[in-house]
Structure formats: structure tokens, C-alpha cells
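Each remark here refers to the structure printed beneath this line.
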Amino acid sequence: MSFIPQLKIGEKIAKIPIIQGGMSVGISLSGLSSAVANEGGIGVIGAAGIGMMEPDFGKNYSEANNRALRKEIRKAREKTKGLIGVNILMALTDYSDLIKVSVEEGVDFVFLGAGLPLKMPKELTESENTKTIPIVSSGRAVKVIFRHWERHYGRIPDAVVLEGPLAGGHLGFKIEQINDPKYSLENLLPEVIENVKIFEDKYGEKIPVVVAGGIYTGRDIYKFLKMGADGVQMATRFVATHECDASEAFKLAYVKASKEDIIIIKSPVGLPGRAIKNEFLEAVEKGMKTPFSCPWQCLSHCDYKSSPYCISLALTNAKKGKFKYGFAFAGANAYRVDRIISVKELINTLLEEYKEAVEKNQKNQ
């Protein structure tokens, strides 16, 4: 595959520059992550709500999450010798414990989203094996994180993921920014690269920039790599695969969705999110859901006393295919998914499209 560059993060090298986005609440576990790793990409386990299948999840939320994460990492390691990461939301009340478990289990990467990773456990900041990759939405965030780490930990992150407004799930943008061209991935990337380069020059080392949010085809991968990105992160495409750890009903929600079904919602955590419209969300919109008592206090910024539903429970139900009581997050291009395929077929399709884009560009020069 000499026609596509590898993705090198520290001493760790992915054969192809594709990271599978870590989809939490049971969507990407050992099954999906190991399948992607076996194809030369970076497979990622989503840590939030991972303990949902543990029998004591309702009573011992944090313990169940730690135990389940440890299990999934080990299961993934049994299935692949490739690169495995864990996606952890900074907004989780147990994020520190999940980071510690990840480092203890020797994962290759920890991806940190949903907040600025400023206060970090020493296990991660002192780890030489596990690489730290914050997920950002602006060049300013890069500057804040890198300067803070430099000042307090004597080091900087190993790479960054720039996630644009076309991503699925919670978005790091205000509602009015989501469709504003000024905040498109294409416009955000140069600023992030510029800010990262300051630290590359200072430390004399390469700090890869990975783009995410709306990356759908091999042509998209080629476009962003040509713009200066070192790799891409894709989530939506990997949901409709046989190896994805979600239920068949969850995958079919993507296959059946139309463009009009992909909507922006206001999440109980106070952020806008992109999801697939369904009966549950329509009931929320009509005010038919009422505030609840919080069973877990899993998110630090969730105003559960005034929220019409528990987002963790809603996403857990969706993962299991119980859409009457939940909904699916999805990227802006989810409506383009038309069938469920294997991870191998998906990767091969992306690589073929990338190769065609390279050849077309060479022909036009």
C-alpha cells in the first residue's frame, strides 16, 4: 500500500492513516476495534458507559465500567496484534479511573474528548507506552492544552484529533456554528496545523494532526491528507459493519436513515449533538418526557434535575436496539450508508477510492 502514507505516532506505526472513532456506550468494543487494527488501522474502544452489560452496573457504576473496560481491552488484544486505543470523555465523573485502567492494560493510545484535558492522572502523563491524543475543535484549544501540559507535566500531547462540526454525537461547537462555513473542517485545519507546528519546531519532533467529522470516502481522506493532515478518524462508516459491537437494529437505523432524519439535538449535558430522528426524540421535542432521578451521576455537567431524559440510559437502550426508549448518535453523512459490510470490505473500498483520487490528481498535473 505504498500509494497511501502510514500514520506514525511516536514509535507506533499504523499501516494506513485511518483511526476508527471510539463510539461509546457499547458501539465500539473489542469486536470492531480489533477488526480495524487487523486491517492496519487504529481500532478504538469507547469507554463511556462500557459497563452496561455488567450485572452490577446499576449499583456499582464505576467499578462495572473499570471491569468491563479491562475485559474489552484484553479481548481485543487476544484478537489482534495491531494498534488499539481507548476513547475517554473528560466529562465523565470516572474519567481518571478509566485512564488508569487503560494505561495499566498497556493500550497504545488514549483519545481524550468532551473537554480540555488539563488535570491528568500521573499514570498517563508519565507513561512512555500509551500515547495521549486530545480531541480538539480549534487551534486555540491546541494552544491551551499544549501550553498547560508543557508547564505542568514537562511534556506535550503525542498527536491531536481535530473534530469538525459534521461529526456524530456531542459537538464542540455552538448550534449557530455548526453550519457556518467559517467552522468547517477545511477552514479549521490550517490554524490547528499552524499551532501544532510551533511545538513541533520547539521540541524537534513530529506531532501528527488527524481530522475527523464528515470523512466518508477515500477521496475525502486524500483531500485532507493533501491539505496537511497526517491521518483521518472515521466513526459513522464503521457502524454499518458486521464487526461493530452494536445490535443489528442499531446498524439498520443507519441504513434506513434519510438525509432529513439526521438532526441536531440539545443534549442533557448542555451541548448540541447530531442524531437520527426517531419516535423517542420526537417525544422529547414535544415535551412528553419528564425529569428523572439520576441513577449514576456519570457526567459532571449533566443537569439531570431538569433534563427530560437520561442520555446514558437512552444510548444504552439504542445500542441494544430498543429505540422506543432511546436514540442513535450519527455523523452528518450517516444517510449515505446503504448496507452492512465487513470491516475488510470497507477498508478496501476506502483504499481503492484513495488510489483513484491519487491517480486522478497525477493525471491532471
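Order determines the names: the first chain of the C-alpha cells is A, the second B, and so forth; residues in each chain are numbered 1 upward, and ligands are numbered 1 upward as they are shown.
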Residue set, segment 99-152 of chain A restricted to helix (DSSP H, G or I), as number ranges by chain:
A: 99-104, 122-125, 139-152
Do a neighbour search on Leu118 of chain A at 8 Å with only C-alpha atoms, toss out local chain neighbours closer than 5 positions, and write the hits as a PyMOL selection string.
chain A and resi 145+148-149
Env of segment 133-138 of chain A: 8 Å cut, atoms = only C-alpha atoms, seq-sep filter 5 positions within chain, self excluded. Answer as a VMD selection string.
chain A and resid 109 to 114 116 to 117 157 to 164 172 to 173 188 191 to 192
For the selection just defined, write its residues with C-alpha atoms to a file, as a short mmCIF file (atom, residue, chain, number, x, y, z; two decimals), in the first residue's frame.
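Saved file again_26.cif follows:
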data_model
loop_
_atom_site.label_atom_id
_atom_site.label_comp_id
_atom_site.auth_asym_id
_atom_site.auth_seq_id
_atom_site.Cartn_x
_atom_site.Cartn_y
_atom_site.Cartn_z
CA PHE A 109 -3.40 5.30 22.64
CA VAL A 110 -5.82 7.21 24.85
CA PHE A 111 -8.06 9.67 23.00
CA LEU A 112 -9.45 12.42 25.25
CA GLY A 113 -12.62 14.24 24.23
CA ALA A 114 -15.54 16.25 25.64
CA LEU A 116 -9.91 20.15 27.79
CA PRO A 117 -7.56 17.52 29.29
CA PRO A 157 0.49 15.51 23.69
CA ASP A 158 1.68 12.92 21.16
CA ALA A 159 -0.87 13.90 18.48
CA VAL A 160 -4.18 15.75 18.14
CA VAL A 161 -7.52 14.94 16.55
CA LEU A 162 -9.34 17.93 15.08
CA GLU A 163 -13.06 17.10 15.08
CA GLY A 164 -15.22 19.33 12.89
CA GLY A 172 -17.66 21.03 20.46
CA PHE A 173 -19.47 23.88 18.72
CA LEU A 188 -10.16 24.88 10.94
CA GLU A 191 -4.96 27.02 12.10
CA VAL A 192 -4.53 23.77 14.03
#
Can you pull out every residue within 7 Å of segment 72-85 of chain A, counting only C-alpha atoms, but drop anything in the same chain fewer than 4 positions away, and send it as a VMD selection string?
chain A and resid 29 to 31 33 to 34 37 to 38 40 42 to 45 68 107 to 110
Can you pull out every residue within 9 Å of Val255 of chain A, counting only C-alpha atoms, but drop anything in the same chain fewer than 6 positions away, and send it as a PyMOL selection string?
chain A and resi 240+334-340
Residues from the last selection, C-alpha atoms, saved as a tab-separated table (two decimals), in the first residue's frame:
chain	number	residue	atom	x	y	z
A	240	ALA	CA	-22.65	-0.46	9.50
A	334	ALA	CA	-24.96	8.59	8.00
A	335	TYR	CA	-27.80	8.75	5.46
A	336	ARG	CA	-25.31	7.69	2.76
A	337	VAL	CA	-24.89	4.26	4.38
A	338	ASP	CA	-26.89	1.76	2.35
A	339	ARG	CA	-25.79	-1.67	3.58
A	340	ILE	CA	-23.90	-3.56	6.25
From a DSSP calculation on the backbone, collect every residue of segment 28-216 of chain A in strand (DSSP E) and output the set as a ChimeraX atom specification.
/A:42-46,83-89,109-113,131-136,160-163,169-170,209-212
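Comparing the minimum interatomic distances between Val36 of chain A and each of A:Thr316, A:Asn66, A:Asn348, A:Ser102, counting only C-alpha atoms, we find that A:Asn348 sits nearest.
Distance-wise, atom CA of Val284 of chain A and atom CA of Ile264 of chain A end up 13.0 Å apart.
Among the candidates A:Glu123, A:Glu128, A:Glu11, A:Asp245, the residue lying nearest to Ile50 of chain A is A:Asp245 (atoms considered: only C-alpha atoms).
Near segment 51-56 of chain A, within 6 Å and counting only C-alpha atoms, sit Lys59, Asn60, Ala64, Asn65 and Ala68 of chain A, not including residues fewer than 3 positions from it in the same chain.
Ranking A:Lys266, A:Lys259, A:Arg219, A:Lys286 by their shortest atom-to-atom distance to Lys355 of chain A, with only C-alpha atoms included, puts A:Arg219 first.
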